[in-house]
>>> print(open('input_21.txt').read())   # compact mmCIF, N, CA and C atoms
# COMPACT_ATOMS: atom_id res chain seq x y z
N MET U 61 -13.04 -40.02 -54.82
CA MET U 61 -12.84 -38.83 -54.02
C MET U 61 -14.07 -37.93 -54.15
N GLU U 62 -14.54 -37.42 -53.03
CA GLU U 62 -15.73 -36.57 -53.01
C GLU U 62 -15.39 -35.17 -53.50
N GLN U 63 -16.29 -34.61 -54.33
CA GLN U 63 -16.09 -33.26 -54.84
C GLN U 63 -16.28 -32.24 -53.73
N SER U 64 -15.52 -31.15 -53.81
CA SER U 64 -15.70 -30.08 -52.83
C SER U 64 -17.03 -29.37 -53.09
N PHE U 65 -17.45 -28.61 -52.13
CA PHE U 65 -18.70 -27.87 -52.24
C PHE U 65 -18.67 -26.94 -53.45
N PHE U 66 -17.57 -26.25 -53.66
CA PHE U 66 -17.47 -25.30 -54.77
C PHE U 66 -17.45 -26.01 -56.11
N ASP U 67 -16.83 -27.19 -56.18
CA ASP U 67 -16.86 -27.96 -57.43
C ASP U 67 -18.29 -28.36 -57.77
N ARG U 68 -19.06 -28.78 -56.75
CA ARG U 68 -20.46 -29.13 -56.98
C ARG U 68 -21.26 -27.91 -57.44
N MET U 69 -20.97 -26.74 -56.84
CA MET U 69 -21.70 -25.54 -57.21
C MET U 69 -21.40 -25.15 -58.66
N ILE U 70 -20.13 -25.18 -59.07
CA ILE U 70 -19.77 -24.84 -60.44
C ILE U 70 -20.35 -25.85 -61.41
N THR U 71 -20.33 -27.12 -61.06
CA THR U 71 -20.93 -28.15 -61.90
C THR U 71 -22.42 -27.87 -62.08
N HIS U 72 -23.08 -27.49 -60.98
CA HIS U 72 -24.50 -27.17 -61.06
C HIS U 72 -24.75 -25.97 -61.99
N LEU U 73 -23.94 -24.93 -61.84
CA LEU U 73 -24.09 -23.76 -62.70
C LEU U 73 -23.91 -24.12 -64.17
N ARG U 74 -22.89 -24.93 -64.45
CA ARG U 74 -22.64 -25.32 -65.84
C ARG U 74 -23.79 -26.16 -66.39
N SER U 75 -24.27 -27.10 -65.60
CA SER U 75 -25.36 -27.94 -66.09
C SER U 75 -26.65 -27.15 -66.24
N SER U 76 -26.87 -26.19 -65.35
CA SER U 76 -28.06 -25.35 -65.46
C SER U 76 -28.00 -24.52 -66.73
N CYS U 77 -26.84 -23.98 -67.02
CA CYS U 77 -26.69 -23.16 -68.22
C CYS U 77 -26.90 -24.01 -69.47
N LYS U 78 -26.34 -25.19 -69.46
CA LYS U 78 -26.38 -26.04 -70.64
C LYS U 78 -27.77 -26.59 -70.90
N TYR U 79 -28.48 -26.94 -69.84
CA TYR U 79 -29.76 -27.64 -70.03
C TYR U 79 -30.98 -26.79 -69.69
N TYR U 80 -30.81 -25.55 -69.35
CA TYR U 80 -31.96 -24.73 -68.99
C TYR U 80 -32.85 -24.56 -70.22
N THR U 81 -34.13 -24.89 -70.07
CA THR U 81 -35.03 -24.89 -71.23
C THR U 81 -35.94 -23.67 -71.27
N GLY U 82 -35.92 -22.84 -70.25
CA GLY U 82 -36.73 -21.65 -70.25
C GLY U 82 -38.10 -21.83 -69.64
N TYR U 83 -38.46 -23.04 -69.23
CA TYR U 83 -39.77 -23.22 -68.64
C TYR U 83 -39.80 -22.56 -67.26
N PRO U 84 -40.94 -21.98 -66.89
CA PRO U 84 -41.01 -21.29 -65.60
C PRO U 84 -40.93 -22.27 -64.44
N LYS U 85 -40.18 -21.88 -63.43
CA LYS U 85 -40.07 -22.68 -62.22
C LYS U 85 -40.52 -21.83 -61.06
N ASP U 86 -41.20 -22.45 -60.12
CA ASP U 86 -41.62 -21.73 -58.93
C ASP U 86 -40.49 -21.82 -57.91
N LEU U 87 -39.66 -20.80 -57.88
CA LEU U 87 -38.50 -20.80 -56.99
C LEU U 87 -38.76 -20.01 -55.71
N GLY U 88 -39.94 -19.43 -55.61
CA GLY U 88 -40.25 -18.62 -54.44
C GLY U 88 -39.61 -17.25 -54.57
N PRO U 89 -39.46 -16.56 -53.43
CA PRO U 89 -38.87 -15.22 -53.49
C PRO U 89 -37.41 -15.28 -53.95
N SER U 90 -36.98 -14.24 -54.63
CA SER U 90 -35.61 -14.20 -55.13
C SER U 90 -34.60 -14.23 -54.00
N ARG U 91 -33.58 -15.03 -54.16
CA ARG U 91 -32.48 -15.10 -53.20
C ARG U 91 -31.24 -14.37 -53.73
N VAL U 92 -31.34 -13.80 -54.91
CA VAL U 92 -30.22 -13.05 -55.49
C VAL U 92 -30.26 -11.64 -54.93
N ILE U 93 -29.14 -11.21 -54.36
CA ILE U 93 -29.04 -9.89 -53.76
C ILE U 93 -28.56 -8.92 -54.83
N HIS U 94 -29.18 -7.76 -54.90
CA HIS U 94 -28.75 -6.74 -55.86
C HIS U 94 -27.76 -5.80 -55.18
N PHE U 95 -26.62 -5.63 -55.82
CA PHE U 95 -25.54 -4.79 -55.29
C PHE U 95 -26.02 -3.35 -55.13
N LYS U 96 -25.72 -2.78 -53.96
CA LYS U 96 -26.07 -1.37 -53.72
C LYS U 96 -24.85 -0.55 -53.32
N SER U 97 -23.89 -1.19 -52.61
CA SER U 97 -22.69 -0.46 -52.19
C SER U 97 -21.59 -1.46 -51.81
N GLU U 98 -20.35 -0.97 -51.85
CA GLU U 98 -19.23 -1.81 -51.43
C GLU U 98 -19.33 -2.13 -49.94
N ARG U 99 -19.81 -1.18 -49.16
CA ARG U 99 -19.96 -1.40 -47.72
C ARG U 99 -20.90 -2.58 -47.46
N GLU U 100 -22.04 -2.60 -48.14
CA GLU U 100 -23.00 -3.70 -47.97
C GLU U 100 -22.39 -5.03 -48.42
N PHE U 101 -21.62 -4.98 -49.51
CA PHE U 101 -20.97 -6.19 -50.03
C PHE U 101 -19.97 -6.74 -49.01
N VAL U 102 -19.15 -5.88 -48.42
CA VAL U 102 -18.18 -6.32 -47.43
C VAL U 102 -18.88 -6.87 -46.20
N GLN U 103 -19.98 -6.24 -45.79
CA GLN U 103 -20.74 -6.74 -44.64
C GLN U 103 -21.30 -8.13 -44.94
N LEU U 104 -21.73 -8.36 -46.16
CA LEU U 104 -22.23 -9.67 -46.55
C LEU U 104 -21.11 -10.71 -46.47
N LEU U 105 -19.92 -10.36 -46.92
CA LEU U 105 -18.78 -11.28 -46.84
C LEU U 105 -18.40 -11.58 -45.39
N GLN U 106 -18.53 -10.60 -44.53
CA GLN U 106 -18.17 -10.79 -43.13
C GLN U 106 -19.11 -11.75 -42.41
N GLN U 107 -20.23 -12.09 -43.02
CA GLN U 107 -21.12 -13.09 -42.44
C GLN U 107 -20.53 -14.49 -42.51
N GLY U 108 -19.46 -14.65 -43.30
CA GLY U 108 -18.75 -15.92 -43.33
C GLY U 108 -19.13 -16.87 -44.45
N HIS U 109 -20.03 -16.46 -45.33
CA HIS U 109 -20.42 -17.32 -46.44
C HIS U 109 -19.76 -16.83 -47.73
N PRO U 110 -19.42 -17.76 -48.61
CA PRO U 110 -18.92 -17.34 -49.93
C PRO U 110 -20.02 -16.57 -50.67
N VAL U 111 -19.60 -15.64 -51.52
CA VAL U 111 -20.54 -14.85 -52.30
C VAL U 111 -20.18 -15.00 -53.78
N VAL U 112 -21.14 -15.46 -54.56
CA VAL U 112 -20.98 -15.55 -56.01
C VAL U 112 -21.52 -14.26 -56.59
N VAL U 113 -20.65 -13.52 -57.29
CA VAL U 113 -21.05 -12.22 -57.82
C VAL U 113 -21.09 -12.28 -59.34
N ALA U 114 -22.23 -11.92 -59.90
CA ALA U 114 -22.39 -11.83 -61.36
C ALA U 114 -22.29 -10.36 -61.75
N PHE U 115 -21.27 -10.04 -62.53
CA PHE U 115 -21.07 -8.69 -63.04
C PHE U 115 -21.75 -8.64 -64.40
N THR U 116 -22.80 -7.81 -64.53
CA THR U 116 -23.62 -7.87 -65.73
C THR U 116 -23.88 -6.50 -66.35
N ILE U 117 -24.30 -6.54 -67.59
CA ILE U 117 -24.91 -5.42 -68.28
C ILE U 117 -26.18 -5.97 -68.90
N ARG U 118 -27.09 -5.12 -69.27
CA ARG U 118 -28.36 -5.60 -69.84
C ARG U 118 -28.12 -6.19 -71.23
N GLY U 119 -28.72 -7.35 -71.47
CA GLY U 119 -28.61 -8.00 -72.77
C GLY U 119 -29.20 -9.39 -72.71
N ASN U 120 -29.17 -10.08 -73.85
CA ASN U 120 -29.75 -11.43 -73.92
C ASN U 120 -29.03 -12.41 -73.01
N TYR U 121 -27.70 -12.33 -72.96
CA TYR U 121 -26.96 -13.25 -72.10
C TYR U 121 -27.32 -13.02 -70.63
N THR U 122 -27.54 -11.79 -70.26
CA THR U 122 -27.88 -11.47 -68.87
C THR U 122 -29.23 -12.03 -68.49
N LYS U 123 -30.19 -11.99 -69.39
CA LYS U 123 -31.52 -12.55 -69.09
C LYS U 123 -31.40 -14.04 -68.77
N HIS U 124 -30.62 -14.75 -69.55
CA HIS U 124 -30.41 -16.18 -69.30
C HIS U 124 -29.66 -16.39 -67.99
N LEU U 125 -28.61 -15.59 -67.78
CA LEU U 125 -27.82 -15.71 -66.56
C LEU U 125 -28.66 -15.44 -65.32
N ASP U 126 -29.56 -14.47 -65.39
CA ASP U 126 -30.44 -14.17 -64.26
C ASP U 126 -31.24 -15.39 -63.84
N LYS U 127 -31.77 -16.12 -64.80
CA LYS U 127 -32.54 -17.33 -64.49
C LYS U 127 -31.68 -18.39 -63.84
N VAL U 128 -30.47 -18.54 -64.35
CA VAL U 128 -29.55 -19.54 -63.79
C VAL U 128 -29.14 -19.14 -62.37
N LEU U 129 -28.86 -17.85 -62.16
CA LEU U 129 -28.50 -17.38 -60.82
C LEU U 129 -29.62 -17.60 -59.83
N GLU U 130 -30.84 -17.32 -60.24
CA GLU U 130 -31.99 -17.53 -59.35
C GLU U 130 -32.09 -18.98 -58.92
N GLU U 131 -31.94 -19.87 -59.87
CA GLU U 131 -32.03 -21.30 -59.57
C GLU U 131 -30.90 -21.75 -58.65
N ALA U 132 -29.68 -21.32 -58.95
CA ALA U 132 -28.53 -21.69 -58.12
C ALA U 132 -28.66 -21.09 -56.72
N ALA U 133 -29.14 -19.86 -56.62
CA ALA U 133 -29.28 -19.21 -55.32
C ALA U 133 -30.25 -19.98 -54.42
N VAL U 134 -31.32 -20.49 -55.01
CA VAL U 134 -32.28 -21.27 -54.24
C VAL U 134 -31.65 -22.59 -53.79
N GLU U 135 -30.93 -23.24 -54.69
CA GLU U 135 -30.35 -24.54 -54.35
C GLU U 135 -29.26 -24.45 -53.28
N PHE U 136 -28.45 -23.40 -53.30
CA PHE U 136 -27.32 -23.32 -52.38
C PHE U 136 -27.58 -22.44 -51.17
N TYR U 137 -28.80 -21.88 -51.04
CA TYR U 137 -29.15 -21.08 -49.88
C TYR U 137 -29.20 -21.98 -48.66
N PRO U 138 -28.70 -21.63 -47.51
CA PRO U 138 -28.05 -20.39 -47.10
C PRO U 138 -26.53 -20.48 -47.09
N ASN U 139 -25.95 -21.55 -47.64
CA ASN U 139 -24.49 -21.75 -47.57
C ASN U 139 -23.70 -20.83 -48.47
N VAL U 140 -24.30 -20.39 -49.56
CA VAL U 140 -23.64 -19.49 -50.50
C VAL U 140 -24.62 -18.38 -50.85
N LYS U 141 -24.13 -17.17 -50.85
CA LYS U 141 -24.96 -16.02 -51.24
C LYS U 141 -24.67 -15.67 -52.69
N PHE U 142 -25.67 -15.19 -53.40
CA PHE U 142 -25.52 -14.79 -54.80
C PHE U 142 -25.87 -13.31 -54.92
N MET U 143 -25.04 -12.60 -55.66
CA MET U 143 -25.23 -11.17 -55.83
C MET U 143 -25.08 -10.80 -57.29
N ARG U 144 -25.86 -9.83 -57.71
CA ARG U 144 -25.80 -9.34 -59.09
C ARG U 144 -25.43 -7.87 -59.06
N VAL U 145 -24.42 -7.49 -59.86
CA VAL U 145 -23.99 -6.11 -59.97
C VAL U 145 -24.30 -5.64 -61.39
N GLU U 146 -25.09 -4.58 -61.50
CA GLU U 146 -25.34 -3.97 -62.81
C GLU U 146 -24.22 -2.97 -63.05
N CYS U 147 -23.27 -3.35 -63.89
CA CYS U 147 -22.06 -2.55 -64.07
C CYS U 147 -22.30 -1.13 -64.58
N PRO U 148 -23.29 -0.87 -65.44
CA PRO U 148 -23.53 0.52 -65.82
C PRO U 148 -23.91 1.42 -64.63
N LYS U 149 -24.55 0.84 -63.61
CA LYS U 149 -24.92 1.62 -62.42
C LYS U 149 -23.75 1.79 -61.45
N TYR U 150 -22.86 0.81 -61.39
CA TYR U 150 -21.75 0.81 -60.44
C TYR U 150 -20.43 0.55 -61.17
N PRO U 151 -20.02 1.44 -62.07
CA PRO U 151 -18.83 1.18 -62.89
C PRO U 151 -17.54 1.08 -62.08
N GLY U 152 -17.43 1.83 -60.99
CA GLY U 152 -16.21 1.78 -60.18
C GLY U 152 -15.93 0.40 -59.63
N PHE U 153 -16.96 -0.26 -59.13
CA PHE U 153 -16.78 -1.60 -58.56
C PHE U 153 -16.44 -2.60 -59.66
N CYS U 154 -17.05 -2.46 -60.82
CA CYS U 154 -16.80 -3.40 -61.92
C CYS U 154 -15.42 -3.20 -62.54
N ILE U 155 -14.99 -1.96 -62.67
CA ILE U 155 -13.69 -1.67 -63.28
C ILE U 155 -12.56 -2.30 -62.48
N THR U 156 -12.70 -2.37 -61.15
CA THR U 156 -11.64 -2.95 -60.33
C THR U 156 -11.43 -4.43 -60.62
N ARG U 157 -12.38 -5.09 -61.24
CA ARG U 157 -12.24 -6.51 -61.55
C ARG U 157 -11.35 -6.73 -62.77
N GLN U 158 -11.07 -5.68 -63.54
CA GLN U 158 -10.18 -5.71 -64.70
C GLN U 158 -10.62 -6.71 -65.76
N LYS U 159 -11.89 -6.72 -66.06
CA LYS U 159 -12.44 -7.57 -67.13
C LYS U 159 -12.99 -6.68 -68.23
N ASN U 160 -12.94 -7.16 -69.46
CA ASN U 160 -13.43 -6.39 -70.60
C ASN U 160 -14.74 -6.92 -71.16
N GLU U 161 -15.08 -8.17 -70.85
CA GLU U 161 -16.27 -8.79 -71.42
C GLU U 161 -17.28 -9.10 -70.33
N TYR U 162 -18.53 -8.83 -70.63
CA TYR U 162 -19.61 -9.05 -69.68
C TYR U 162 -20.64 -9.97 -70.29
N PRO U 163 -21.36 -10.74 -69.51
CA PRO U 163 -21.27 -10.89 -68.06
C PRO U 163 -20.15 -11.84 -67.67
N PHE U 164 -19.71 -11.75 -66.42
CA PHE U 164 -18.77 -12.71 -65.86
C PHE U 164 -19.09 -12.90 -64.39
N ILE U 165 -18.56 -14.00 -63.83
CA ILE U 165 -18.86 -14.36 -62.44
C ILE U 165 -17.56 -14.53 -61.68
N GLU U 166 -17.55 -14.07 -60.44
CA GLU U 166 -16.43 -14.30 -59.53
C GLU U 166 -16.98 -14.80 -58.21
N ILE U 167 -16.19 -15.61 -57.52
CA ILE U 167 -16.57 -16.12 -56.20
C ILE U 167 -15.64 -15.49 -55.18
N PHE U 168 -16.21 -14.86 -54.16
CA PHE U 168 -15.45 -14.22 -53.10
C PHE U 168 -15.64 -15.02 -51.82
N HIS U 169 -14.52 -15.22 -51.09
CA HIS U 169 -14.57 -15.98 -49.85
C HIS U 169 -14.33 -15.11 -48.62
N SER U 170 -13.70 -13.93 -48.83
CA SER U 170 -13.38 -13.07 -47.70
C SER U 170 -13.37 -11.62 -48.15
N PRO U 171 -13.51 -10.68 -47.20
CA PRO U 171 -13.50 -9.26 -47.56
C PRO U 171 -12.19 -8.82 -48.21
N GLU U 172 -11.09 -9.47 -47.86
CA GLU U 172 -9.81 -9.08 -48.42
C GLU U 172 -9.76 -9.27 -49.94
N GLN U 173 -10.53 -10.22 -50.46
CA GLN U 173 -10.54 -10.46 -51.90
C GLN U 173 -11.11 -9.29 -52.68
N VAL U 174 -11.96 -8.52 -52.07
CA VAL U 174 -12.54 -7.37 -52.75
C VAL U 174 -11.43 -6.40 -53.13
N CYS U 175 -10.38 -6.37 -52.34
CA CYS U 175 -9.32 -5.39 -52.51
C CYS U 175 -8.14 -5.87 -53.36
N ASN U 176 -8.14 -7.07 -53.87
CA ASN U 176 -6.91 -7.62 -54.42
C ASN U 176 -6.60 -7.25 -55.86
N PHE U 177 -7.41 -6.48 -56.55
CA PHE U 177 -7.12 -6.17 -57.95
C PHE U 177 -6.78 -4.72 -58.19
N SER U 178 -6.90 -3.88 -57.20
CA SER U 178 -6.71 -2.45 -57.43
C SER U 178 -6.14 -1.81 -56.18
N LEU U 179 -5.84 -0.53 -56.25
CA LEU U 179 -5.36 0.21 -55.10
C LEU U 179 -6.55 0.65 -54.28
N PHE U 180 -6.56 0.32 -52.99
CA PHE U 180 -7.70 0.62 -52.14
C PHE U 180 -7.26 1.31 -50.87
N LEU U 181 -8.18 1.94 -50.22
CA LEU U 181 -7.93 2.69 -49.01
C LEU U 181 -8.85 2.18 -47.91
N PHE U 182 -8.29 1.89 -46.74
CA PHE U 182 -9.12 1.48 -45.61
C PHE U 182 -9.75 2.72 -45.00
N SER U 183 -11.03 2.64 -44.71
CA SER U 183 -11.74 3.76 -44.11
C SER U 183 -12.17 3.37 -42.71
N PRO U 184 -11.62 4.01 -41.67
CA PRO U 184 -11.96 3.62 -40.30
C PRO U 184 -13.42 3.90 -39.94
N SER U 185 -14.12 4.69 -40.74
CA SER U 185 -15.51 4.99 -40.43
C SER U 185 -16.45 3.87 -40.88
N THR U 186 -15.90 2.85 -41.54
CA THR U 186 -16.73 1.74 -42.01
C THR U 186 -16.38 0.49 -41.23
N ALA U 187 -17.06 -0.59 -41.57
CA ALA U 187 -16.82 -1.86 -40.88
C ALA U 187 -15.39 -2.33 -41.13
N PRO U 188 -14.82 -3.16 -40.25
CA PRO U 188 -13.48 -3.69 -40.48
C PRO U 188 -13.38 -4.35 -41.85
N PHE U 189 -12.26 -4.20 -42.47
CA PHE U 189 -11.92 -4.74 -43.79
C PHE U 189 -12.62 -4.00 -44.94
N ALA U 190 -13.40 -2.99 -44.64
CA ALA U 190 -14.06 -2.26 -45.72
C ALA U 190 -13.01 -1.54 -46.56
N CYS U 191 -13.25 -1.44 -47.83
CA CYS U 191 -12.30 -0.76 -48.69
C CYS U 191 -13.04 -0.09 -49.83
N PHE U 192 -12.45 0.94 -50.35
CA PHE U 192 -13.07 1.69 -51.42
C PHE U 192 -12.03 1.93 -52.50
N GLY U 193 -12.43 1.78 -53.76
CA GLY U 193 -11.51 1.94 -54.88
C GLY U 193 -11.10 3.38 -55.08
N LEU U 194 -9.85 3.56 -55.40
CA LEU U 194 -9.35 4.88 -55.77
C LEU U 194 -9.19 4.88 -57.28
N LEU U 195 -10.08 5.54 -57.96
CA LEU U 195 -10.03 5.52 -59.43
C LEU U 195 -9.42 6.78 -59.96
>>> encode(input="input_21.txt", output="structure tokens")
Amino acid sequence: MEQSFFDRMITHLRSSCKYYTGYPKDLGPSRVIHFKSEREFVQLLQQGHPVVVAFTIRGNYTKHLDKVLEEAAVEFYPNVKFMRVECPKYPGFCITRQKNEYPFIEIFHSPEQVCNFSLFLFSPSTAPFACFGLL
């Protein structure tokens, strides 16, 4: 039986993490998107591609994860988008994920998934399906 696309992607991430040796690779321009706002994130999801989001804080694990994300983003471009959220800069977005340990990764397939862990409010002044956390 053939593996699904997401199974292949997770397998790639795991193997990259396990065997990454730290040698520099010429991956070209970064394909990892840096989180700036929930509105931008929802607009990215509305493009129809899954988005792998790394919720991070600065540290040794994050440095390694950044390299792995860069490599995976290049390999799966343009079918999957990769995004990095620096949780100290955007605590509201990270808190809604209800995780205590960082870094962690989540895969989003639709804008509705952004809203599924907390109480959110639809704002008609934003794009359809946009939502903002009520903290």
>>> atom_distance(input="input_21.txt", atom1="atom CA of U:His72", atom2="atom CA of U:Lys96")
26.9 Å
>>> closest_residue(input="input_21.txt", among="U:Ser97, U:Leu87, U:Arg144, U:His169", to="U:Leu125", atoms="only C-alpha atoms")
U:Arg144
>>> atom_distance(input="input_21.txt", atom1="atom CA of U:Lys141", atom2="atom N of U:Lys159")
21.8 Å
>>> closest_residue(input="input_21.txt", among="U:Ala133, U:Val92, U:Val128, U:Val140", to="U:His109", atoms="only N, CA and C atoms")
U:Val140
>>> closest_residue(input="input_21.txt", among="U:Asp67, U:Glu98, U:Asp86, U:Glu62", to="U:Phe153", atoms="all atoms listed in the file")
U:Glu98
>>> closest_residue(input="input_21.txt", among="U:Ala132, U:Ile155, U:Lys149, U:Phe168", to="U:Met69", atoms="only N, CA and C atoms")
U:Ala132
>>> closest_residue(input="input_21.txt", among="U:Val145, U:Leu129, U:Val134, U:Val113", to="U:Phe164", atoms="all atoms listed in the file")
U:Val113
>>> closest_residue(input="input_21.txt", among="U:Val102, U:Ile117, U:Val112, U:Leu73", to="U:Tyr150", atoms="only C-alpha atoms")
U:Ile117
>>> atom_distance(input="input_21.txt", atom1="atom CA of U:Asn160", atom2="atom CA of U:Leu104")
25.8 Å
>>> select_by_dssp(input="input_21.txt", residues="stretch 62-181 of chain U", states="alpha helix (DSSP H)", output="number ranges by chain")
U: 65-79, 98-105, 120-136, 151-155
